[in-house]
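Data file: work_13.tsv. Format and content: TSV, C-alpha atoms and all ligand atoms.
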chain	number	residue	atom	x	y	z
A	1	MET	CA	0.00	0.00	0.00
A	2	SER	CA	1.36	3.40	-0.92
A	3	LEU	CA	0.08	6.31	1.16
A	4	SER	CA	-0.22	9.77	-0.31
A	5	ARG	CA	0.52	12.74	1.93
A	6	LYS	CA	1.02	16.46	1.84
A	7	ALA	CA	4.50	17.86	2.29
A	8	ALA	CA	4.85	19.07	5.88
A	9	ALA	CA	5.62	22.73	6.58
A	10	GLU	CA	6.58	22.03	10.19
A	11	TYR	CA	7.86	18.99	12.04
A	12	GLN	CA	5.38	16.22	12.46
A	13	LEU	CA	5.37	12.48	12.09
A	14	GLN	CA	4.60	11.49	8.50
A	15	PRO	CA	2.83	8.26	7.53
A	16	THR	CA	5.37	5.81	6.14
A	17	VAL	CA	4.80	5.87	2.43
A	18	LEU	CA	4.96	2.08	1.87
A	19	GLN	CA	3.18	0.11	4.61
A	20	GLU	CA	0.92	-2.87	4.77
A	21	GLN	CA	-1.28	-4.14	7.58
A	22	LEU	CA	-0.92	-7.89	8.02
A	23	ASP	CA	-3.38	-10.46	9.33
A	24	ASP	CA	-1.25	-11.11	12.42
A	25	GLY	CA	-1.85	-7.55	13.64
A	26	THR	CA	1.57	-6.20	12.68
A	27	THR	CA	2.20	-3.55	10.05
A	28	ARG	CA	4.98	-4.12	7.57
A	29	CYS	CA	7.26	-1.37	6.28
A	30	ASN	CA	8.10	-2.01	2.63
A	31	LEU	CA	10.69	0.72	2.12
A	32	CYS	CA	13.76	-1.46	2.43
A	33	LEU	CA	14.38	-5.17	2.31
A	34	TRP	CA	14.27	-5.56	6.07
A	35	ARG	CA	10.49	-5.33	5.57
A	36	CYS	CA	10.15	-4.83	9.34
A	37	ARG	CA	6.89	-6.17	10.78
A	38	LEU	CA	6.07	-3.89	13.65
A	39	LYS	CA	3.60	-3.96	16.50
A	40	HIS	CA	2.19	-0.88	18.21
A	41	GLY	CA	5.08	0.97	19.82
A	42	GLN	CA	7.87	-0.79	17.98
A	43	ARG	CA	10.41	0.91	15.78
A	44	GLY	CA	12.05	-0.65	12.74
A	45	PHE	CA	15.68	-1.69	12.45
A	46	CYS	CA	16.61	1.77	11.16
A	47	GLN	CA	14.85	3.27	14.23
A	48	ALA	CA	13.26	5.92	12.01
A	49	HIS	CA	9.81	4.34	11.56
A	50	VAL	CA	7.38	3.61	14.38
A	51	ASN	CA	4.07	1.76	14.61
A	52	ARG	CA	1.36	3.72	16.36
A	53	HIS	CA	-1.91	1.83	16.68
A	54	GLY	CA	-1.36	-0.05	13.43
A	55	THR	CA	-0.09	2.84	11.28
A	56	LEU	CA	3.58	3.38	10.59
A	57	TYR	CA	5.11	6.84	10.77
A	58	ASN	CA	8.47	8.26	9.76
A	59	LEU	CA	10.10	10.10	12.65
A	60	SER	CA	12.91	11.66	10.67
A	61	TYR	CA	10.90	13.50	8.01
A	62	GLY	CA	12.72	16.79	7.35
A	63	ILE	CA	15.29	16.15	10.08
A	64	LEU	CA	18.73	16.95	8.65
A	65	SER	CA	21.92	15.56	10.13
A	66	ALA	CA	24.23	17.28	7.62
A	67	ILE	CA	24.40	19.51	4.56
A	68	ASP	CA	27.38	19.92	2.27
A	69	ILE	CA	27.92	21.53	-1.14
A	70	GLY	CA	30.40	20.28	-3.71
A	71	PRO	CA	30.94	18.83	-7.18
A	72	ILE	CA	28.69	15.96	-8.30
A	73	GLU	CA	31.92	14.05	-9.00
A	74	ASP	CA	32.39	13.73	-5.20
A	75	LYS	CA	29.31	11.47	-4.77
A	76	PRO	CA	31.02	9.84	-6.86
A	77	VAL	CA	29.08	10.40	-10.11
A	78	LYS	CA	31.03	11.18	-13.27
A	79	HIS	CA	28.66	10.64	-16.18
A	80	TYR	CA	25.71	12.82	-15.23
A	81	ARG	CA	25.98	16.60	-15.63
A	82	PRO	CA	29.78	16.67	-15.04
A	83	GLY	CA	31.11	19.98	-13.78
A	84	THR	CA	27.91	20.82	-11.88
A	85	THR	CA	27.42	21.40	-8.16
A	86	VAL	CA	25.19	19.49	-5.81
A	87	MET	CA	23.85	20.14	-2.33
A	88	SER	CA	24.07	16.92	-0.31
A	89	VAL	CA	21.79	16.21	2.63
A	90	GLY	CA	21.40	13.30	5.03
A	91	SER	CA	19.26	12.27	7.96
A	92	TYR	CA	19.47	9.88	10.91
A	93	GLY	CA	18.79	6.18	10.48
A	94	CYS	CA	20.42	3.49	8.36
A	95	ASN	CA	19.40	-0.05	7.49
A	96	PHE	CA	23.02	-1.34	7.58
A	97	ARG	CA	25.62	-1.42	10.35
A	98	CYS	CA	28.92	-1.31	8.44
A	99	GLY	CA	31.92	-1.93	10.68
A	100	GLY	CA	33.92	0.73	8.82
A	101	CYS	CA	31.15	3.37	8.67
A	102	HIS	CA	32.63	6.87	8.59
A	103	ASN	CA	29.27	8.53	9.05
A	104	LEU	CA	28.23	7.13	12.44
A	105	GLU	CA	27.19	10.41	14.01
A	106	ILE	CA	25.19	11.61	11.04
A	107	SER	CA	23.89	8.27	9.74
A	108	TRP	CA	22.97	5.73	12.41
A	109	GLY	CA	21.96	8.51	14.77
A	110	VAL	CA	20.48	6.12	17.32
A	111	THR	CA	20.57	8.74	20.10
A	112	ALA	CA	19.19	11.41	17.79
A	113	LEU	CA	16.27	9.15	16.84
A	114	ASP	CA	15.64	8.24	20.49
A	115	ASP	CA	15.41	11.96	21.28
A	116	LEU	CA	12.95	12.49	18.44
A	117	ALA	CA	10.83	9.59	19.65
A	118	LYS	CA	10.74	11.07	23.15
A	119	GLY	CA	9.88	14.56	21.90
A	120	GLU	CA	13.16	15.90	23.26
A	121	SER	CA	15.09	16.51	20.07
A	122	THR	CA	16.53	19.82	18.95
A	123	ALA	CA	17.84	18.40	15.67
A	124	ALA	CA	17.46	20.61	12.60
A	125	TYR	CA	14.08	20.52	10.86
A	126	VAL	CA	13.92	21.94	7.33
A	127	SER	CA	10.71	21.70	5.28
A	128	ALA	CA	10.94	20.39	1.71
A	129	GLU	CA	10.15	23.88	0.36
A	130	GLU	CA	12.84	25.47	2.52
A	131	LEU	CA	15.42	22.92	1.44
A	132	VAL	CA	14.78	23.54	-2.25
A	133	LYS	CA	14.84	27.32	-1.65
A	134	THR	CA	18.18	26.86	0.11
A	135	ALA	CA	19.54	24.90	-2.84
A	136	ILE	CA	18.52	27.66	-5.22
A	137	LYS	CA	19.98	30.34	-2.94
A	138	HIS	CA	23.32	28.52	-3.04
A	139	LYS	CA	23.08	28.24	-6.85
A	140	VAL	CA	23.55	24.47	-6.95
A	141	ASP	CA	22.35	22.36	-9.90
A	142	GLY	CA	21.04	19.38	-7.95
A	143	ILE	CA	20.26	17.84	-4.57
A	144	ALA	CA	21.81	14.55	-3.39
A	145	PHE	CA	20.41	12.31	-0.66
A	146	THR	CA	23.33	10.57	0.98
A	147	TYR	CA	25.34	9.84	4.20
A	148	SER	CA	22.95	7.03	5.24
A	149	GLU	CA	20.52	4.89	3.24
A	150	PRO	CA	17.96	7.34	1.82
A	151	ALA	CA	15.10	4.76	1.69
A	152	VAL	CA	14.83	5.31	5.43
A	153	TRP	CA	13.33	8.80	4.87
A	154	LEU	CA	11.83	8.31	1.45
A	155	GLU	CA	8.79	10.39	2.42
A	156	TYR	CA	10.93	13.53	2.55
A	157	ILE	CA	12.99	12.58	-0.50
A	158	LEU	CA	9.87	12.30	-2.62
A	159	ASP	CA	8.58	15.70	-1.48
A	160	VAL	CA	11.94	17.42	-1.99
A	161	SER	CA	12.56	15.74	-5.35
A	162	LYS	CA	9.20	16.78	-6.80
A	163	LEU	CA	9.82	20.39	-5.81
A	164	ALA	CA	13.45	20.22	-6.99
A	165	HIS	CA	12.43	18.97	-10.44
A	166	ALA	CA	9.82	21.73	-10.69
A	167	GLN	CA	12.67	24.20	-10.15
A	168	GLY	CA	14.94	22.57	-12.74
A	169	LEU	CA	17.24	20.86	-10.22
A	170	TYR	CA	18.34	17.25	-10.65
A	171	THR	CA	18.29	14.64	-7.87
A	172	VAL	CA	20.88	12.04	-6.81
A	173	TYR	CA	20.31	9.02	-4.54
A	174	VAL	CA	23.42	7.49	-2.93
A	175	SER	CA	22.46	4.02	-1.74
A	176	ASN	CA	23.47	0.62	-0.41
A	177	SER	CA	20.63	-0.76	-2.59
A	178	PHE	CA	19.06	-2.89	0.13
A	179	VAL	CA	15.84	-1.37	-1.12
A	180	THR	CA	12.52	-2.84	-2.26
A	181	ASP	CA	11.26	-2.78	-5.83
A	182	GLU	CA	8.20	-0.86	-4.59
A	183	ALA	CA	10.42	1.91	-3.21
A	184	LEU	CA	12.38	2.07	-6.47
A	185	GLU	CA	9.18	2.29	-8.49
A	186	LEU	CA	7.93	5.09	-6.26
A	187	MET	CA	11.13	7.10	-6.52
A	188	ALA	CA	11.99	6.42	-10.18
A	189	PRO	CA	10.00	9.33	-11.68
A	190	HIS	CA	11.65	11.74	-9.25
A	191	ILE	CA	15.25	10.53	-8.99
A	192	ASP	CA	17.70	11.14	-11.84
A	193	VAL	CA	20.81	9.35	-10.59
A	194	LEU	CA	21.53	6.34	-8.39
A	195	CYS	CA	25.07	5.92	-7.10
A	196	SER	CA	25.08	2.52	-5.45
A	197	ASP	CA	27.58	0.49	-3.52
A	198	ILE	CA	28.39	-3.04	-4.57
A	199	LYS	CA	30.21	-3.92	-1.39
A	200	SER	CA	30.99	-7.56	-2.18
A	201	LEU	CA	29.75	-10.63	-4.03
A	202	GLU	CA	29.92	-12.69	-0.83
A	203	ASP	CA	26.74	-13.14	1.20
A	204	SER	CA	28.92	-13.51	4.30
A	205	PHE	CA	30.20	-9.93	3.85
A	206	TYR	CA	26.67	-8.56	3.71
A	207	LYS	CA	25.51	-10.76	6.59
A	208	ASP	CA	28.11	-9.11	8.82
A	209	ILE	CA	26.60	-5.68	8.30
A	210	CYS	CA	22.96	-6.62	7.86
A	211	LYS	CA	21.93	-10.10	8.83
A	212	LEU	CA	19.15	-10.35	6.23
A	213	ALA	CA	21.00	-8.92	3.22
A	214	LYS	CA	21.96	-11.12	0.29
A	215	VAL	CA	24.13	-10.19	-2.68
A	216	GLU	CA	21.41	-11.22	-5.11
A	217	GLN	CA	18.95	-8.75	-3.58
A	218	VAL	CA	21.38	-5.84	-3.77
A	219	LEU	CA	22.35	-6.58	-7.38
A	220	GLY	CA	18.69	-7.08	-8.32
A	221	SER	CA	17.83	-3.69	-6.87
A	222	ILE	CA	20.63	-1.96	-8.82
A	223	ALA	CA	19.58	-3.60	-12.10
A	224	LYS	CA	15.94	-2.70	-11.41
A	225	ALA	CA	16.86	0.95	-10.91
A	226	GLN	CA	18.51	1.03	-14.32
A	227	GLN	CA	15.52	-0.72	-15.92
A	228	LEU	CA	13.32	1.99	-14.42
A	229	GLY	CA	15.32	4.61	-16.31
A	230	ILE	CA	17.48	5.96	-13.47
A	231	HIS	CA	21.07	6.78	-14.46
A	232	VAL	CA	23.15	4.27	-12.45
A	233	GLU	CA	26.80	4.39	-11.36
A	234	THR	CA	28.33	1.90	-8.92
A	235	ARG	CA	31.08	2.04	-6.32
A	236	THR	CA	33.16	-0.50	-4.43
A	237	ASN	CA	35.15	0.49	-1.38
A	238	ILE	CA	37.95	-2.08	-1.19
A	239	ILE	CA	38.68	-3.07	2.42
A	240	PRO	CA	41.88	-5.08	3.04
A	241	ARG	CA	41.15	-8.63	4.27
A	242	ARG	CA	37.37	-8.08	3.90
A	243	ASN	CA	36.54	-7.70	0.21
A	244	ASP	CA	39.94	-7.57	-1.53
A	245	ASP	CA	39.89	-10.95	-3.24
A	246	MET	CA	40.93	-10.23	-6.85
A	247	LYS	CA	38.73	-12.94	-8.33
A	248	MET	CA	35.70	-11.53	-6.54
A	249	LEU	CA	36.55	-7.96	-7.61
A	250	LYS	CA	36.89	-9.13	-11.20
A	251	ASN	CA	33.47	-10.76	-10.90
A	252	ILE	CA	31.96	-7.47	-9.76
A	253	ALA	CA	33.35	-5.88	-12.92
A	254	LYS	CA	31.90	-8.74	-14.98
A	255	TRP	CA	28.50	-8.33	-13.36
A	256	ILE	CA	28.47	-4.61	-14.14
A	257	HIS	CA	29.51	-5.31	-17.73
A	258	GLN	CA	26.83	-7.93	-18.24
A	259	ASN	CA	23.98	-6.25	-16.40
A	260	LEU	CA	24.53	-2.49	-16.59
A	261	GLY	CA	26.65	-2.25	-19.75
A	262	ALA	CA	30.26	-1.90	-20.84
A	263	ASP	CA	30.05	1.89	-20.47
A	264	SER	CA	28.53	1.81	-16.96
A	265	PRO	CA	30.81	3.76	-14.60
A	266	TRP	CA	32.47	1.88	-11.71
A	267	HIS	CA	34.18	3.83	-8.93
A	268	ILE	CA	36.86	2.07	-6.90
A	269	THR	CA	37.50	3.85	-3.60
A	270	LYS	CA	40.06	3.55	-0.86
A	271	PHE	CA	39.25	2.25	2.63
A	272	PHE	CA	40.42	4.38	5.54
A	273	PRO	CA	40.56	2.65	8.96
A	274	SER	CA	37.58	3.57	11.11
A	275	PHE	CA	35.29	2.43	13.93
A	276	LYS	CA	35.26	-1.38	14.27
A	277	LEU	CA	37.71	-1.73	11.38
A	278	ALA	CA	40.25	0.72	12.81
A	279	HIS	CA	42.77	-2.15	13.11
A	280	LEU	CA	42.86	-2.74	9.33
A	281	PRO	CA	45.31	-0.90	7.06
A	282	ALA	CA	44.21	1.59	4.41
A	283	THR	CA	43.84	0.08	0.93
A	284	PRO	CA	47.21	0.02	-0.84
A	285	SER	CA	47.27	2.06	-4.06
A	286	ASN	CA	48.53	-0.86	-6.12
A	287	LEU	CA	45.45	-2.91	-5.17
A	288	LEU	CA	43.13	-0.15	-6.38
A	289	ASN	CA	45.03	0.11	-9.66
A	290	GLU	CA	45.19	-3.68	-10.19
A	291	THR	CA	41.43	-3.86	-9.73
A	292	ALA	CA	40.96	-1.17	-12.37
A	293	GLN	CA	43.23	-3.17	-14.68
A	294	LEU	CA	41.10	-6.29	-14.19
A	295	ALA	CA	37.96	-4.30	-14.91
A	296	ALA	CA	39.48	-3.02	-18.13
A	297	GLU	CA	40.32	-6.63	-19.11
A	298	VAL	CA	36.66	-7.64	-18.80
A	299	GLY	CA	35.69	-4.69	-21.00
A	300	LEU	CA	34.49	-2.03	-18.57
A	301	GLN	CA	35.20	1.31	-20.22
A	302	ASN	CA	34.66	3.80	-17.41
A	303	VAL	CA	36.53	2.77	-14.29
A	304	TYR	CA	37.69	5.40	-11.81
A	305	VAL	CA	40.20	4.93	-9.03
A	306	TYR	CA	40.20	7.18	-5.95
A	307	ASP	CA	43.39	6.93	-3.96
A	308	ASP	CA	42.24	9.72	-1.62
A	309	LYS	CA	38.54	9.01	-1.21
A	310	GLY	CA	36.38	6.54	0.66
A	311	CYS	CA	32.77	7.05	1.80
A	312	ASP	CA	30.63	9.97	0.74
A	313	CYS	CA	31.15	11.96	3.94
A	314	ALA	CA	30.06	15.48	4.81
A	315	ASP	CA	33.47	17.08	5.17
A	316	SER	CA	32.94	20.81	5.33
A	317	ASN	CA	31.78	20.58	8.98
A	318	LEU	CA	29.50	23.61	8.62
A	319	SER	CA	26.33	23.38	10.66
A	320	VAL	CA	23.01	22.79	8.90
A	321	ALA	CA	21.84	26.19	10.19
A	322	SER	CA	24.69	28.01	8.47
A	323	TYR	CA	23.17	27.18	5.08
A	324	LEU	CA	19.69	28.45	5.97
A	325	GLU	CA	18.14	31.83	6.40
A	326	GLY	CA	16.78	32.49	9.86
A	327	GLY	CA	19.71	30.88	11.66
A	328	ALA	CA	19.86	28.22	14.30
A	329	ASP	CA	17.00	29.34	16.56
A	330	SER	CA	14.19	28.59	14.16
A	331	ILE	CA	15.36	25.17	13.00
A	332	HIS	CA	16.57	23.84	16.34
A	333	GLN	CA	13.45	24.31	18.46
A	334	VAL	CA	12.42	21.23	20.43
A	335	LYS	CA	10.59	18.91	18.03
A	336	LYS	CA	6.99	18.47	19.06
A	337	CYS	CA	4.79	16.96	16.40
A	338	ALA	CA	2.50	19.59	14.87
A	339	ALA	CA	-0.37	17.11	14.66
A	340	SER	CA	-2.42	16.45	17.81
A	341	CYS	CA	-3.56	12.93	16.98
A	342	CYS	CA	-1.27	11.29	19.53
A	343	GLY	CA	-3.55	12.43	22.35
A	344	ASP	CA	-2.41	11.90	25.91
A	345	GLU	CA	0.54	9.80	24.89
A	346	GLY	CA	2.31	12.90	23.58
A	347	ILE	CA	4.44	12.94	20.49
A	348	LEU	CA	5.04	9.23	20.76
A	349	LEU	CA	4.59	6.45	23.19
A	350	LYS	CA	6.10	7.20	26.55
A	351	LYS	CA	7.54	3.75	26.38
A	352	TYR	CA	8.70	2.19	23.18
A	353	GLU	CA	10.63	-0.85	22.19
A	354	THR	CA	13.82	-0.53	20.23
A	355	ASP	CA	13.54	-3.95	18.69
A	356	GLN	CA	17.01	-4.77	19.92
A	357	GLU	CA	16.77	-8.42	18.98
A	358	LYS	CA	17.16	-7.39	15.37
A	359	LEU	CA	20.42	-5.51	15.91
B	401	LIG	S1	14.74	-0.82	8.41
B	401	LIG	FE1	13.46	1.03	8.47
B	401	LIG	S2	13.08	1.53	6.30
B	401	LIG	FE2	13.79	-0.60	6.38
B	401	LIG	S3	11.88	-1.82	6.48
B	401	LIG	FE3	12.59	-1.49	8.59
B	401	LIG	S4	11.48	0.34	9.27
B	401	LIG	FE4	11.35	0.29	7.02
B	402	LIG	S1	28.64	2.90	5.53
B	402	LIG	FE1	26.73	3.68	4.65
B	402	LIG	S2	25.37	1.87	4.50
B	402	LIG	FE2	27.04	1.36	5.92
B	402	LIG	S3	26.22	1.86	7.99
B	402	LIG	FE3	27.39	3.65	7.26
B	402	LIG	S4	25.83	4.97	6.30
B	402	LIG	FE4	24.92	2.90	6.48

Full structure transcribed into structure tokens:
Amino acid sequence: MSLSRKAAAEYQLQPTVLQEQLDDGTTRCNLCLWRCRLKHGQRGFCQAHVNRHGTLYNLSYGILSAIDIGPIEDKPVKHYRPGTTVMSVGSYGCNFRCGGCHNLEISWGVTALDDLAKGESTAAYVSAEELVKTAIKHKVDGIAFTYSEPAVWLEYILDVSKLAHAQGLYTVYVSNSFVTDEALELMAPHIDVLCSDIKSLEDSFYKDICKLAKVEQVLGSIAKAQQLGIHVETRTNIIPRRNDDMKMLKNIAKWIHQNLGADSPWHITKFFPSFKLAHLPATPSNLLNETAQLAAEVGLQNVYVYDDKGCDCADSNLSVASYLEGGADSIHQVKKCAASCCGDEGILLKKYETDQEKL
């Protein structure tokens, strides 16, 4: 079931755009392939969707964890409007738990989402209209949704993208592609570019970061996006001792060649030690270059090596407020839902479950 909504001018919970009530009394979120089945009071794996009396709501609608402005090539995207500038935004909540995540504070945001659920958050809220106005003010050519998996706040992405297209801006979706076909179909008319990770061709690699994820699902989602007419580019971050097997890397190149085309861009990025993988070395340059050589041998024509770049991180460190008119006071007020339908329970349940058994 796809719910239609109006874009929100002020912070309030938004009905999850893909949800389905099941016979067992749970409601299923169909945004990403977790397909969380939630009871009243439970939140999904990403922590950004909650079931209230049978209806799912997105907590993080319009809540920005970071903004950055830079070349589209930094996403990395090289074959769509090269030389143009994009405003990147992200929110809290991700459907993966990568051991080497560089975006922990601005992506998983478990504490930030807890605060939102309790009605105690002062995180930045920016309406879809305000975000597009901000993009125009900064004279960018497009808006990119990145830093965590964007499916987790698809409600906002759809609203922003429709307004962005109406203003002549393009839209970019930077993804891990653990996303449902329904979500892809919903976003396809409004998203111009998908830059997706292919992290590995080993199920065991994916299982480590998301116990349900399978390679076949991720690849299927990437191919589906291209079939739906989205411009697709892929990226592999090579992590020493985790996904650096040359045969496997060559097979990624082969898969891209066979399924996305010989001219489909593949970005090979460097791993920098971080978080749970801080003990591993950075990717040696020769490994990055040898992988590119293998890709050329299988016929891939557009392979890019980044010896200085890993994840798509917000690196300017400017606050969200610094990009907006009106300053910090207006966007950082305590987030109380503008709707009054919660009744005596307040913005959310006083007590909620975090669904820890899924973590
Ligand atoms: S992880 Fe989040 S976005 Fe994915 S299905 Fe669960 S609640 Fe929905
Ligand atoms: S690296 Fe990306 S997909 Fe993985 S946990 Fe971090 S934000 Fe999520």

Quiz prompt | Distance in Å - CA of Glu130 in chain A versus CA of Cys341 in chain A | solution = 25.2 Å

Quiz item: What lies within 12 Å of Ala225 in chain A using all atoms listed in the file, ignoring chain neighbours under 5 positions off, as a PyMOL selection string?
Solution: chain A and resi 173+175+177-189+191-196+218-220+230-234+259-260

Exercise. With a distance cut-off of 12 Å and all atoms listed in the file, select the neighbouring residues of Tyr11 in chain A, excluding the residue or stretch itself and same-chain residues fewer than 5 positions from it, and output the selection as JSON, numbers by chain.
Key: {"A": [58, 59, 60, 61, 62, 63, 64, 116, 119, 121, 122, 123, 124, 125, 126, 127, 128, 156, 330, 331, 332, 333, 334, 335, 336, 337, 338, 339, 347]}

Closest contacts (chain A/ligand LIG 402 (chain B), max 8 Å, only C-alpha atoms and all ligand atoms) as a tab-separated table:
residue	atom	partner	partner_atom	distance
A:Cys94	CA	B:LIG402	FE4	4.9
A:Asn95	CA	B:LIG402	FE4	6.3
A:Phe96	CA	B:LIG402	S3	4.5
A:Arg97	CA	B:LIG402	S3	4.1
A:Cys98	CA	B:LIG402	FE2	4.1
A:Gly99	CA	B:LIG402	S3	7.4
A:Gly100	CA	B:LIG402	S1	6.6
A:Cys101	CA	B:LIG402	FE3	4.0
A:His102	CA	B:LIG402	FE3	6.3
A:Asn103	CA	B:LIG402	FE3	5.5
A:Leu104	CA	B:LIG402	FE3	6.3
A:Ser107	CA	B:LIG402	S4	5.1
A:Trp108	CA	B:LIG402	S3	6.7
A:Tyr147	CA	B:LIG402	S4	5.3
A:Ser148	CA	B:LIG402	S4	3.7
A:Glu149	CA	B:LIG402	FE4	5.8
A:Ser175	CA	B:LIG402	S2	7.2
A:Asn176	CA	B:LIG402	S2	5.4
A:Ile209	CA	B:LIG402	FE2	7.4
A:Cys311	CA	B:LIG402	S1	6.9

Quiz item: Which residue, A:Leu169, A:Cys313, A:Leu212, A:Leu349, has the smallest gap to ligand LIG 401 (chain B) when you use all atoms listed in the file?
Solution: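 Nearest candidate to ligand LIG 401 (chain B) out of A:Leu169, A:Cys313, A:Leu212, A:Leu349: A:Leu212.
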
Quiz item: Which of these, A:Thr26, A:Asn289, A:Asn251, A:Thr171, has the shortest distance to Ile157 in chain A once you count only C-alpha atoms?
Solution: A:Thr171

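In this model, the gap between CA of Gln227 in chain A and CA of Ile256 in chain A comes to 13.6 Å.
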
Quiz item: When distances are computed from all atoms listed in the file, which of A:Ala117, A:Ile72, A:Leu154, A:Val86 shows the smallest separation from ligand LIG 401 (chain B)?
Solution: A:Leu154

Practice problem: Please determine the residues with any atom at most 7 Å from (32.7, -5.5, -12.5) (coordinates as given in the file, with only C-alpha atoms counting) and report them as a ChimeraX atom specification. | Solution: /A:249-257,295

Pick out the residues no farther than 8 Å from ligand LIG 401 (chain B), counting all atoms listed in the file, and list them as a PDB file with C-alpha atoms, in the coordinates of the input.
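selection32.pdb written:
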ATOM      1  CA  ARG A  28       4.980  -4.120   7.570  1.00  0.00           C
ATOM      2  CA  CYS A  29       7.260  -1.370   6.280  1.00  0.00           C
ATOM      3  CA  ASN A  30       8.100  -2.010   2.630  1.00  0.00           C
ATOM      4  CA  LEU A  31      10.690   0.720   2.120  1.00  0.00           C
ATOM      5  CA  CYS A  32      13.760  -1.460   2.430  1.00  0.00           C
ATOM      6  CA  LEU A  33      14.380  -5.170   2.310  1.00  0.00           C
ATOM      7  CA  TRP A  34      14.270  -5.560   6.070  1.00  0.00           C
ATOM      8  CA  ARG A  35      10.490  -5.330   5.570  1.00  0.00           C
ATOM      9  CA  CYS A  36      10.150  -4.830   9.340  1.00  0.00           C
ATOM     10  CA  ARG A  37       6.890  -6.170  10.780  1.00  0.00           C
ATOM     11  CA  ARG A  43      10.410   0.910  15.780  1.00  0.00           C
ATOM     12  CA  GLY A  44      12.050  -0.650  12.740  1.00  0.00           C
ATOM     13  CA  PHE A  45      15.680  -1.690  12.450  1.00  0.00           C
ATOM     14  CA  CYS A  46      16.610   1.770  11.160  1.00  0.00           C
ATOM     15  CA  GLN A  47      14.850   3.270  14.230  1.00  0.00           C
ATOM     16  CA  ALA A  48      13.260   5.920  12.010  1.00  0.00           C
ATOM     17  CA  HIS A  49       9.810   4.340  11.560  1.00  0.00           C
ATOM     18  CA  VAL A  50       7.380   3.610  14.380  1.00  0.00           C
ATOM     19  CA  GLY A  93      18.790   6.180  10.480  1.00  0.00           C
ATOM     20  CA  CYS A  94      20.420   3.490   8.360  1.00  0.00           C
ATOM     21  CA  ASN A  95      19.400  -0.050   7.490  1.00  0.00           C
ATOM     22  CA  ALA A 151      15.100   4.760   1.690  1.00  0.00           C
ATOM     23  CA  VAL A 152      14.830   5.310   5.430  1.00  0.00           C
ATOM     24  CA  TRP A 153      13.330   8.800   4.870  1.00  0.00           C
ATOM     25  CA  VAL A 179      15.840  -1.370  -1.120  1.00  0.00           C
TER      26      VAL A 179
END

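Interatomic distance, CA of Asp244 in chain A to CA of Cys210 in chain A: 19.4 Å.
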
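Distance annotation: of A:His267, A:Lys78, A:Lys276, A:Lys224, the residue with the minimal separation from Leu300 in chain A is A:His267; atom set is all atoms listed in the file.
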
What box, with edges along x, y and z, holds each listed atom of range 217-230 of chain A when 3 Å is added on every side, and can you state its centre and edge lengths in Å to one decimal, as JSON?
{"center_x": 17.8, "center_y": -1.4, "center_z": -9.9, "size_x": 15.0, "size_y": 20.7, "size_z": 18.7}

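Take the candidates A:Val172, A:Leu22, A:Leu38, A:Ile198 and check each one against Tyr80 in chain A using only C-alpha atoms; the shortest distance goes to A:Val172.
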
With N, CA and C atoms as the goal, would you fill in the gaps in range 126-136 of chain A and present it as a PDB file, in the coordinates of the input?
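What follows is the written file selection_12.pdb:
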ATOM      1  N   VAL A 126      13.984  21.056   8.503  1.00  0.00           N
ATOM      2  CA  VAL A 126      13.920  21.940   7.330  1.00  0.00           C
ATOM      3  C   VAL A 126      12.819  21.387   6.423  1.00  0.00           C
ATOM      4  N   SER A 127      11.797  22.183   6.142  1.00  0.00           N
ATOM      5  CA  SER A 127      10.710  21.700   5.280  1.00  0.00           C
ATOM      6  C   SER A 127      11.253  21.452   3.871  1.00  0.00           C
ATOM      7  N   ALA A 128      10.508  20.672   3.095  1.00  0.00           N
ATOM      8  CA  ALA A 128      10.940  20.390   1.710  1.00  0.00           C
ATOM      9  C   ALA A 128      11.071  21.687   0.909  1.00  0.00           C
ATOM     10  N   GLU A 129      10.116  22.599   1.095  1.00  0.00           N
ATOM     11  CA  GLU A 129      10.150  23.880   0.360  1.00  0.00           C
ATOM     12  C   GLU A 129      11.404  24.671   0.739  1.00  0.00           C
ATOM     13  N   GLU A 130      11.688  24.708   2.040  1.00  0.00           N
ATOM     14  CA  GLU A 130      12.840  25.470   2.520  1.00  0.00           C
ATOM     15  C   GLU A 130      14.145  24.876   1.987  1.00  0.00           C
ATOM     16  N   LEU A 131      14.188  23.558   1.915  1.00  0.00           N
ATOM     17  CA  LEU A 131      15.420  22.920   1.440  1.00  0.00           C
ATOM     18  C   LEU A 131      15.667  23.272  -0.035  1.00  0.00           C
ATOM     19  N   VAL A 132      14.607  23.225  -0.828  1.00  0.00           N
ATOM     20  CA  VAL A 132      14.780  23.540  -2.250  1.00  0.00           C
ATOM     21  C   VAL A 132      15.134  25.029  -2.413  1.00  0.00           C
ATOM     22  N   LYS A 133      14.496  25.884  -1.617  1.00  0.00           N
ATOM     23  CA  LYS A 133      14.840  27.320  -1.650  1.00  0.00           C
ATOM     24  C   LYS A 133      16.314  27.518  -1.300  1.00  0.00           C
ATOM     25  N   THR A 134      16.773  26.763  -0.320  1.00  0.00           N
ATOM     26  CA  THR A 134      18.180  26.860   0.110  1.00  0.00           C
ATOM     27  C   THR A 134      19.113  26.429  -1.017  1.00  0.00           C
ATOM     28  N   ALA A 135      18.724  25.374  -1.717  1.00  0.00           N
ATOM     29  CA  ALA A 135      19.540  24.900  -2.840  1.00  0.00           C
ATOM     30  C   ALA A 135      19.640  25.978  -3.919  1.00  0.00           C
ATOM     31  N   ILE A 136      18.526  26.617  -4.184  1.00  0.00           N
ATOM     32  CA  ILE A 136      18.520  27.660  -5.220  1.00  0.00           C
ATOM     33  C   ILE A 136      19.355  28.863  -4.762  1.00  0.00           C
TER      34      ILE A 136
END
